[in-house]
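Participant: One file: data.txt (compact mmCIF, C-alpha atoms and all ligand atoms).
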```
# COMPACT_ATOMS: atom_id res chain seq x y z
CA MET A 249 -12.20 -12.29 -5.00
CA THR A 250 -11.51 -11.73 -1.29
CA ASP A 251 -14.31 -10.33 0.83
CA TRP A 252 -12.74 -7.45 2.78
CA LYS A 253 -15.79 -6.65 4.96
CA THR A 254 -14.33 -8.19 8.15
CA TYR A 255 -11.02 -6.43 7.54
CA TYR A 256 -12.73 -3.06 6.97
CA LYS A 257 -14.80 -3.48 10.14
CA GLU A 258 -11.66 -4.01 12.18
CA HIS A 259 -9.77 -1.17 10.48
CA LEU A 260 -12.51 1.44 10.43
CA SER A 261 -11.49 3.30 13.56
CA ARG A 262 -7.75 2.69 13.86
CA PRO A 263 -5.26 5.57 13.73
CA PRO A 264 -3.33 6.19 10.48
CA SER A 265 -0.47 3.79 9.84
CA PRO A 266 2.69 4.73 11.82
CA LEU A 267 4.66 3.95 8.64
CA LEU A 268 2.77 6.68 6.77
CA VAL A 269 3.12 9.12 9.67
CA LYS A 270 6.89 8.55 9.46
CA ALA A 271 6.94 8.66 5.63
CA LEU A 272 5.29 12.05 5.63
CA LYS A 273 8.32 13.53 7.39
CA PHE A 274 10.37 12.79 4.23
CA CYS A 275 7.79 14.38 1.95
CA LYS A 276 8.94 17.68 0.42
CA ASN A 277 5.85 18.46 -1.66
CA LYS A 278 2.19 17.77 -1.03
CA ASP A 279 0.57 18.20 -4.41
CA LEU A 280 -0.54 14.68 -5.28
CA ALA A 281 -0.58 11.38 -3.37
CA LEU A 282 -1.63 7.87 -4.36
CA ASP A 283 -3.23 5.60 -1.75
CA LEU A 284 -2.98 2.16 -3.30
CA GLY A 285 -5.34 -0.54 -1.98
CA ALA A 286 -6.86 2.23 0.08
CA GLY A 287 -9.49 0.20 1.98
CA THR A 288 -11.26 2.29 4.63
CA LEU A 289 -9.42 5.42 3.41
CA ILE A 290 -7.88 6.14 6.82
CA GLU A 291 -4.54 6.86 5.14
CA SER A 292 -6.21 8.98 2.42
CA LYS A 293 -8.00 11.05 5.07
CA PHE A 294 -4.76 11.49 7.00
CA LEU A 295 -3.03 12.74 3.82
CA LEU A 296 -5.84 15.23 3.18
CA ASP A 297 -5.70 16.39 6.79
CA SER A 298 -1.93 16.78 6.39
CA GLY A 299 -2.40 19.27 3.56
CA PHE A 300 -2.22 17.27 0.32
CA LYS A 301 -3.88 19.16 -2.52
CA LYS A 302 -5.16 15.91 -4.05
CA VAL A 303 -5.27 12.24 -3.08
CA VAL A 304 -6.06 9.46 -5.53
CA ALA A 305 -7.34 6.34 -3.77
CA VAL A 306 -7.31 3.11 -5.75
CA ASP A 307 -9.04 -0.09 -4.68
CA SER A 308 -11.03 -2.83 -6.39
CA SER A 309 -13.67 -3.07 -3.61
CA PRO A 310 -16.84 -1.04 -4.27
CA GLU A 311 -17.29 -0.48 -0.47
CA VAL A 312 -14.50 2.09 -0.69
CA GLU A 313 -16.97 4.48 -2.39
CA THR A 314 -19.04 4.42 0.83
CA PHE A 315 -16.01 5.40 2.92
CA ALA A 316 -15.32 8.22 0.44
CA LYS A 317 -18.86 9.57 0.83
CA GLU A 318 -18.29 9.86 4.57
CA ILE A 319 -15.08 11.83 4.01
CA ASN A 320 -16.83 14.05 1.45
CA ASP A 321 -13.75 15.98 0.31
CA LYS A 322 -13.39 17.26 -3.26
CA ARG A 323 -9.63 16.71 -3.06
CA LEU A 324 -10.21 12.94 -2.83
CA GLU A 325 -10.56 10.99 -6.09
CA VAL A 326 -11.56 7.34 -5.72
CA SER A 327 -10.97 4.81 -8.49
CA ILE A 328 -12.60 1.41 -8.08
CA ILE A 329 -10.30 -0.57 -10.32
CA GLN A 330 -7.83 -3.45 -10.25
CA TYR A 331 -4.18 -2.49 -9.79
CA LYS A 332 -3.40 -3.90 -13.22
CA ASP A 333 -5.79 -1.38 -14.82
CA LEU A 334 -4.24 1.61 -13.11
CA ILE A 335 -2.62 4.04 -15.54
CA LEU A 336 0.64 5.22 -14.03
CA LEU A 337 2.15 8.26 -15.71
CA PRO A 338 5.80 9.13 -15.04
CA ASP A 339 6.68 11.87 -12.52
CA SER A 340 3.16 12.22 -11.09
CA TYR A 341 3.11 11.52 -7.35
CA ASP A 342 4.79 13.20 -4.38
CA LEU A 343 3.92 10.19 -2.24
CA ILE A 344 2.66 6.65 -2.76
CA ILE A 345 1.33 4.80 0.25
CA ALA A 346 0.60 1.12 -0.30
CA GLN A 347 -0.41 0.01 3.18
CA PHE A 348 -0.65 -3.81 3.19
CA ALA A 349 -1.61 -3.54 -0.46
CA LEU A 350 1.22 -4.48 -2.86
CA PRO A 351 1.30 -8.31 -2.45
CA PHE A 352 -2.30 -8.48 -3.66
CA TYR A 353 -1.16 -7.55 -7.17
CA GLY A 354 -0.05 -11.17 -7.43
CA PRO A 355 3.28 -12.61 -8.55
CA THR A 356 2.88 -12.18 -12.32
CA ASP A 357 4.75 -9.06 -13.48
CA PHE A 358 5.04 -7.87 -9.86
CA GLU A 359 8.50 -6.41 -10.46
CA LEU A 360 7.22 -4.57 -13.52
CA PHE A 361 4.35 -3.12 -11.48
CA ILE A 362 6.71 -1.90 -8.75
CA GLY A 363 8.92 -0.36 -11.46
CA LYS A 364 5.91 1.52 -12.88
CA LEU A 365 4.95 2.77 -9.42
CA ILE A 366 8.50 4.02 -8.88
CA SER A 367 8.60 5.77 -12.25
CA SER A 368 5.28 7.45 -11.41
CA LEU A 369 6.96 9.12 -8.42
CA LYS A 370 8.27 12.64 -8.87
CA PRO A 371 11.92 13.28 -7.97
CA ASP A 372 12.04 13.38 -4.12
CA GLY A 373 8.78 11.40 -4.10
CA VAL A 374 8.21 9.02 -1.21
CA PHE A 375 7.18 5.36 -1.53
CA ALA A 376 5.99 3.54 1.60
CA GLY A 377 4.42 0.16 2.09
CA GLN A 378 5.00 -3.52 2.64
CA PHE A 379 6.14 -6.62 0.80
CA PHE A 380 5.22 -10.05 2.11
CA GLY A 381 8.13 -12.30 3.02
CA ASN A 382 8.72 -15.80 1.70
CA ARG A 383 8.00 -17.39 5.11
CA ASP A 384 4.53 -15.80 5.46
CA ASP A 385 1.73 -18.31 6.12
CA TRP A 386 -0.22 -17.09 3.10
CA LYS A 387 2.50 -18.42 0.79
CA VAL A 388 0.51 -21.49 -0.11
CA LYS A 389 -0.61 -22.94 -3.42
CA GLY A 390 -3.70 -21.24 -4.81
CA LYS A 391 -3.17 -17.84 -3.13
CA ASN A 392 -2.38 -15.39 -5.87
CA LEU A 393 -0.12 -13.11 -3.83
CA ALA A 394 3.45 -11.87 -4.35
CA PHE A 395 6.15 -12.89 -1.84
CA GLN A 396 9.80 -11.91 -1.67
CA THR A 397 12.95 -13.03 0.08
CA ILE A 398 14.74 -10.21 1.88
CA ASP A 399 17.19 -9.84 -1.03
CA GLU A 400 14.37 -9.72 -3.56
CA ALA A 401 12.51 -7.12 -1.50
CA LYS A 402 15.62 -4.94 -1.28
CA ARG A 403 16.26 -5.35 -5.00
CA LEU A 404 12.78 -3.98 -5.79
CA LEU A 405 13.83 -0.73 -4.10
CA LYS A 406 17.34 -0.60 -5.53
CA ASP A 407 16.79 2.62 -7.51
CA LEU A 408 15.55 4.52 -4.44
CA LYS A 409 17.16 5.85 -1.29
CA VAL A 410 15.86 3.51 1.36
CA GLU A 411 15.19 5.35 4.62
CA VAL A 412 13.37 2.56 6.47
CA PHE A 413 13.52 -1.17 5.82
CA SER A 414 12.45 -3.51 8.57
CA GLU A 415 11.70 -7.20 8.55
CA LYS A 416 8.98 -8.36 10.95
CA GLU A 417 8.31 -12.04 11.48
CA ALA A 418 5.94 -13.16 14.21
CA GLU A 419 2.91 -15.22 15.11
CA GLY A 420 -0.27 -13.15 14.98
CA THR A 421 -3.85 -13.15 13.76
CA VAL A 422 -5.86 -11.93 10.79
CA ALA A 423 -8.99 -9.75 10.96
CA SER A 424 -11.23 -12.78 11.47
CA GLY A 425 -9.18 -13.73 14.55
CA GLU A 426 -7.57 -16.74 12.85
CA ALA A 427 -3.91 -17.41 13.74
CA LYS A 428 -1.27 -16.54 11.13
CA HIS A 429 2.51 -16.48 10.85
CA TRP A 430 3.34 -13.03 9.49
CA HIS A 431 6.53 -12.31 7.55
CA VAL A 432 6.52 -8.73 6.30
CA PHE A 433 9.02 -6.14 5.06
CA HIS A 434 8.05 -2.54 5.87
CA PHE A 435 9.76 0.21 3.87
CA ILE A 436 9.99 3.92 3.22
CA ALA A 437 12.08 4.87 0.20
CA ILE A 438 12.74 8.13 -1.62
CA LYS A 439 13.25 8.74 -5.35
C1 LIG A 501 -5.19 -5.62 3.39
S1 LIG A 501 -6.26 -4.46 2.68
C2 LIG A 501 -5.43 -2.93 3.08
C3 LIG A 501 -6.37 -1.76 3.12
C4 LIG A 501 -5.74 -0.47 3.66
N1 LIG A 501 -4.61 -0.04 2.88
C5 LIG A 501 -5.33 -0.68 5.09
O1 LIG A 501 -4.12 -0.79 5.38
O2 LIG A 501 -6.23 -0.77 5.95
C6 LIG A 501 -5.91 -4.61 0.95
C7 LIG A 501 -6.79 -3.73 0.07
O3 LIG A 501 -6.34 -3.91 -1.27
C8 LIG A 501 -7.46 -4.04 -2.13
N2 LIG A 501 -7.04 -4.90 -3.25
C9 LIG A 501 -6.64 -6.19 -3.16
N3 LIG A 501 -6.29 -6.65 -4.37
C10 LIG A 501 -6.47 -5.61 -5.23
C11 LIG A 501 -6.27 -5.45 -6.63
N4 LIG A 501 -5.80 -6.46 -7.38
N5 LIG A 501 -6.56 -4.25 -7.19
C12 LIG A 501 -7.03 -3.23 -6.45
N6 LIG A 501 -7.24 -3.32 -5.10
C13 LIG A 501 -6.96 -4.49 -4.51
C14 LIG A 501 -8.55 -4.68 -1.28
O4 LIG A 501 -9.84 -4.38 -1.78
C15 LIG A 501 -8.27 -4.08 0.10
O5 LIG A 501 -9.02 -2.91 0.32
```
How does the structure come out when it is put into structure tokens?
Facilitator:
Amino acid sequence: MTDWKTYYKEHLSRPPSPLLVKALKFCKNKDLALDLGAGTLIESKFLLDSGFKKVVAVDSSPEVETFAKEINDKRLEVSIIQYKDLILLPDSYDLIIAQFALPFYGPTDFELFIGKLISSLKPDGVFAGQFFGNRDDWKVKGKNLAFQTIDEAKRLLKDLKVEVFSEKEAEGTVASGEAKHWHVFHFIAIK
């Protein structure tokens, strides 16, 4: 299992993701949101501050409970579970944010998982997040992550109205400072 401590340290005081800020503009209802792979809960807190009645934050790292204690908001429900154990009921969420979170599901049944997430959106529900591209440096043997070509990434969103889809490919770094070639698709799509 990956140790996310270095990542959390770096992400503890950043502003909410610009993708989520943009996604919120497409959001018609603010009853229930899912923050998938929620990490430091910056996006969850932003959703609460934006008026969501309830935010469910899902992450497998126990540290997330500590971040939740700091937020101390009854509208926030934290589930420390693996994505694969998440029960996704149809027509539940007004918004799903999966900020740098989806690829960590791994390649097995990835398409099925995305399909379940989409069916758990209410009509008009907003889905925002990233897929990792097939030229990303992490696409090496032994890393259990999901990668897509641009066509595959678009196909995963085929049943939604895609409002934003951008491909970013550049040299960069990871939280530890190590160099990395990033290949990422950012999207906002509406049911
Ligand atoms: C790159 S971090 C992103 C955190 C946060 N969304 C952000 O953008 O700062 C990925 C998060 O996904 C969680 N994660 C990774 N694999 C997971 C899995 N299989 N099930 C549940 N959570 C997982 C990690 O614990 C981590 O907090």
Participant: Residues within 6 Å of ligand LIG 501 (chain A) (only C-alpha atoms and all ligand atoms), as a list in words?
Facilitator: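 What falls inside 6 Å of ligand LIG 501 (chain A) is His259, Gly285, Ala286, Gly287, Asp307, Ser308, Ser309, Ile329, Gln330, Tyr331, Gln347, Phe348, Ala349, Phe352 and Tyr353 of chain A.
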Participant: Output C-alpha atoms of each residue in that selection to a file, as a compact mmCIF listing (two decimals), in the coordinates of the input.
Facilitator:
```txt
# COMPACT_ATOMS: atom_id res chain seq x y z
CA HIS A 259 -9.77 -1.17 10.48
CA GLY A 285 -5.34 -0.54 -1.98
CA ALA A 286 -6.86 2.23 0.08
CA GLY A 287 -9.49 0.20 1.98
CA ASP A 307 -9.04 -0.09 -4.68
CA SER A 308 -11.03 -2.83 -6.39
CA SER A 309 -13.67 -3.07 -3.61
CA ILE A 329 -10.30 -0.57 -10.32
CA GLN A 330 -7.83 -3.45 -10.25
CA TYR A 331 -4.18 -2.49 -9.79
CA GLN A 347 -0.41 0.01 3.18
CA PHE A 348 -0.65 -3.81 3.19
CA ALA A 349 -1.61 -3.54 -0.46
CA PHE A 352 -2.30 -8.48 -3.66
CA TYR A 353 -1.16 -7.55 -7.17
```
Participant: What does the structure give for the distance between CA of Leu343 in chain A and CA of Glu417 in chain A, in Å to one decimal?
Facilitator: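 If I compute the distance from CA of Leu343 in chain A to CA of Glu417 in chain A, I get 26.5 Å.
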Participant: Do you have the CA of Phe300 in chain A-CA of Gly373 in chain A distance handy?
Facilitator: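 Separating CA of Phe300 in chain A from CA of Gly373 in chain A is a distance of 13.2 Å.
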Participant: I'd like the interatomic distance between CA of Lys370 in chain A and CA of Arg403 in chain A, to a tenth of an Å.
Facilitator: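 Rounded to one decimal, the two atoms are 20.1 Å apart.
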Participant: For a quick check of understanding, using only C-alpha atoms, which of A:Tyr341, A:Trp386, A:Lys322, A:Leu408 has the smallest distance to Gly363 in chain A?
Facilitator: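 Nearest to Gly363 in chain A: A:Leu408.
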Participant: Between A:Lys439, A:Arg323, A:His434, A:Lys253, which residue has the minimum interatomic distance to Val412 in chain A, considering all atoms listed in the file?
Facilitator: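 Of A:Lys439, A:Arg323, A:His434, A:Lys253, the one nearest Val412 in chain A is A:His434, counting all atoms listed in the file.
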Participant: As an mmCIF file, keeping the file's coordinate frame, could you write out range 312-323 of chain A once it has been completed with all heavy atoms?
Facilitator:
```cif
data_model
loop_
_atom_site.group_PDB
_atom_site.id
_atom_site.type_symbol
_atom_site.label_atom_id
_atom_site.label_comp_id
_atom_site.auth_asym_id
_atom_site.auth_seq_id
_atom_site.Cartn_x
_atom_site.Cartn_y
_atom_site.Cartn_z
ATOM 1 N N VAL A 312 -15.380 0.931 -0.914
ATOM 2 C CA VAL A 312 -14.500 2.090 -0.690
ATOM 3 C C VAL A 312 -15.235 3.404 -1.049
ATOM 4 O O VAL A 312 -15.008 4.441 -0.443
ATOM 5 C CB VAL A 312 -13.175 1.913 -1.481
ATOM 6 C CG1 VAL A 312 -12.272 3.124 -1.350
ATOM 7 C CG2 VAL A 312 -12.452 0.662 -0.968
ATOM 8 N N GLU A 313 -16.160 3.308 -2.019
ATOM 9 C CA GLU A 313 -16.970 4.480 -2.390
ATOM 10 C C GLU A 313 -17.759 4.992 -1.170
ATOM 11 O O GLU A 313 -17.928 6.197 -0.985
ATOM 12 C CB GLU A 313 -17.985 4.115 -3.481
ATOM 13 C CG GLU A 313 -17.387 3.752 -4.813
ATOM 14 C CD GLU A 313 -17.115 4.968 -5.690
ATOM 15 O OE1 GLU A 313 -16.916 6.061 -5.144
ATOM 16 O OE2 GLU A 313 -17.074 4.779 -6.928
ATOM 17 N N THR A 314 -18.258 4.055 -0.358
ATOM 18 C CA THR A 314 -19.040 4.420 0.830
ATOM 19 C C THR A 314 -18.159 5.179 1.820
ATOM 20 O O THR A 314 -18.584 6.188 2.391
ATOM 21 C CB THR A 314 -19.573 3.130 1.521
ATOM 22 O OG1 THR A 314 -20.028 2.251 0.507
ATOM 23 C CG2 THR A 314 -20.675 3.426 2.497
ATOM 24 N N PHE A 315 -16.931 4.699 2.011
ATOM 25 C CA PHE A 315 -16.010 5.400 2.920
ATOM 26 C C PHE A 315 -15.706 6.805 2.383
ATOM 27 O O PHE A 315 -15.579 7.757 3.143
ATOM 28 C CB PHE A 315 -14.718 4.597 3.122
ATOM 29 C CG PHE A 315 -14.941 3.189 3.625
ATOM 30 C CD1 PHE A 315 -14.359 2.095 2.993
ATOM 31 C CD2 PHE A 315 -15.745 2.954 4.733
ATOM 32 C CE1 PHE A 315 -14.574 0.793 3.453
ATOM 33 C CE2 PHE A 315 -15.966 1.659 5.210
ATOM 34 C CZ PHE A 315 -15.377 0.585 4.560
ATOM 35 N N ALA A 316 -15.618 6.917 1.057
ATOM 36 C CA ALA A 316 -15.320 8.220 0.440
ATOM 37 C C ALA A 316 -16.462 9.204 0.672
ATOM 38 O O ALA A 316 -16.227 10.396 0.922
ATOM 39 C CB ALA A 316 -15.065 8.037 -1.051
ATOM 40 N N LYS A 317 -17.694 8.699 0.615
ATOM 41 C CA LYS A 317 -18.860 9.570 0.830
ATOM 42 C C LYS A 317 -18.813 10.171 2.225
ATOM 43 O O LYS A 317 -19.150 11.332 2.433
ATOM 44 C CB LYS A 317 -20.157 8.778 0.630
ATOM 45 C CG LYS A 317 -20.531 8.706 -0.822
ATOM 46 C CD LYS A 317 -21.934 8.169 -1.045
ATOM 47 C CE LYS A 317 -22.107 7.889 -2.521
ATOM 48 N NZ LYS A 317 -22.504 6.533 -2.817
ATOM 49 N N GLU A 318 -18.385 9.352 3.186
ATOM 50 C CA GLU A 318 -18.290 9.860 4.570
ATOM 51 C C GLU A 318 -17.236 10.955 4.686
ATOM 52 O O GLU A 318 -17.399 11.919 5.423
ATOM 53 C CB GLU A 318 -17.989 8.717 5.538
ATOM 54 C CG GLU A 318 -19.249 7.931 5.899
ATOM 55 C CD GLU A 318 -18.952 6.558 6.428
ATOM 56 O OE1 GLU A 318 -17.913 6.385 7.082
ATOM 57 O OE2 GLU A 318 -19.762 5.653 6.171
ATOM 58 N N ILE A 319 -16.149 10.816 3.947
ATOM 59 C CA ILE A 319 -15.080 11.830 4.010
ATOM 60 C C ILE A 319 -15.529 13.116 3.298
ATOM 61 O O ILE A 319 -15.242 14.223 3.744
ATOM 62 C CB ILE A 319 -13.763 11.272 3.407
ATOM 63 C CG1 ILE A 319 -13.238 10.139 4.296
ATOM 64 C CG2 ILE A 319 -12.710 12.370 3.246
ATOM 65 C CD1 ILE A 319 -12.023 9.411 3.753
ATOM 66 N N ASN A 320 -16.228 12.927 2.170
ATOM 67 C CA ASN A 320 -16.830 14.050 1.450
ATOM 68 C C ASN A 320 -15.871 15.225 1.257
ATOM 69 O O ASN A 320 -16.107 16.330 1.739
ATOM 70 C CB ASN A 320 -18.095 14.500 2.230
ATOM 71 C CG ASN A 320 -18.900 15.521 1.450
ATOM 72 O OD1 ASN A 320 -18.811 15.570 0.220
ATOM 73 N ND2 ASN A 320 -19.656 16.353 2.166
ATOM 74 N N ASP A 321 -14.776 14.953 0.552
ATOM 75 C CA ASP A 321 -13.750 15.980 0.310
ATOM 76 C C ASP A 321 -13.443 15.990 -1.179
ATOM 77 O O ASP A 321 -13.086 14.938 -1.743
ATOM 78 C CB ASP A 321 -12.502 15.629 1.150
ATOM 79 C CG ASP A 321 -11.470 16.739 1.152
ATOM 80 O OD1 ASP A 321 -11.250 17.359 0.089
ATOM 81 O OD2 ASP A 321 -10.886 16.992 2.215
ATOM 82 N N LYS A 322 -13.584 17.154 -1.803
ATOM 83 C CA LYS A 322 -13.390 17.260 -3.260
ATOM 84 C C LYS A 322 -11.962 16.934 -3.677
ATOM 85 O O LYS A 322 -11.682 16.642 -4.841
ATOM 86 C CB LYS A 322 -13.743 18.679 -3.714
ATOM 87 C CG LYS A 322 -15.218 18.948 -3.750
ATOM 88 C CD LYS A 322 -15.507 20.209 -4.577
ATOM 89 C CE LYS A 322 -16.990 20.435 -4.734
ATOM 90 N NZ LYS A 322 -17.667 20.761 -3.462
ATOM 91 N N ARG A 323 -11.043 17.001 -2.735
ATOM 92 C CA ARG A 323 -9.630 16.710 -3.060
ATOM 93 C C ARG A 323 -9.364 15.200 -3.160
ATOM 94 O O ARG A 323 -8.279 14.798 -3.534
ATOM 95 C CB ARG A 323 -8.700 17.312 -2.004
ATOM 96 C CG ARG A 323 -8.754 18.835 -1.920
ATOM 97 C CD ARG A 323 -7.977 19.326 -0.720
ATOM 98 N NE ARG A 323 -8.569 18.842 0.517
ATOM 99 C CZ ARG A 323 -7.912 18.686 1.669
ATOM 100 N NH1 ARG A 323 -6.626 18.988 1.744
ATOM 101 N NH2 ARG A 323 -8.528 18.240 2.757
#
```
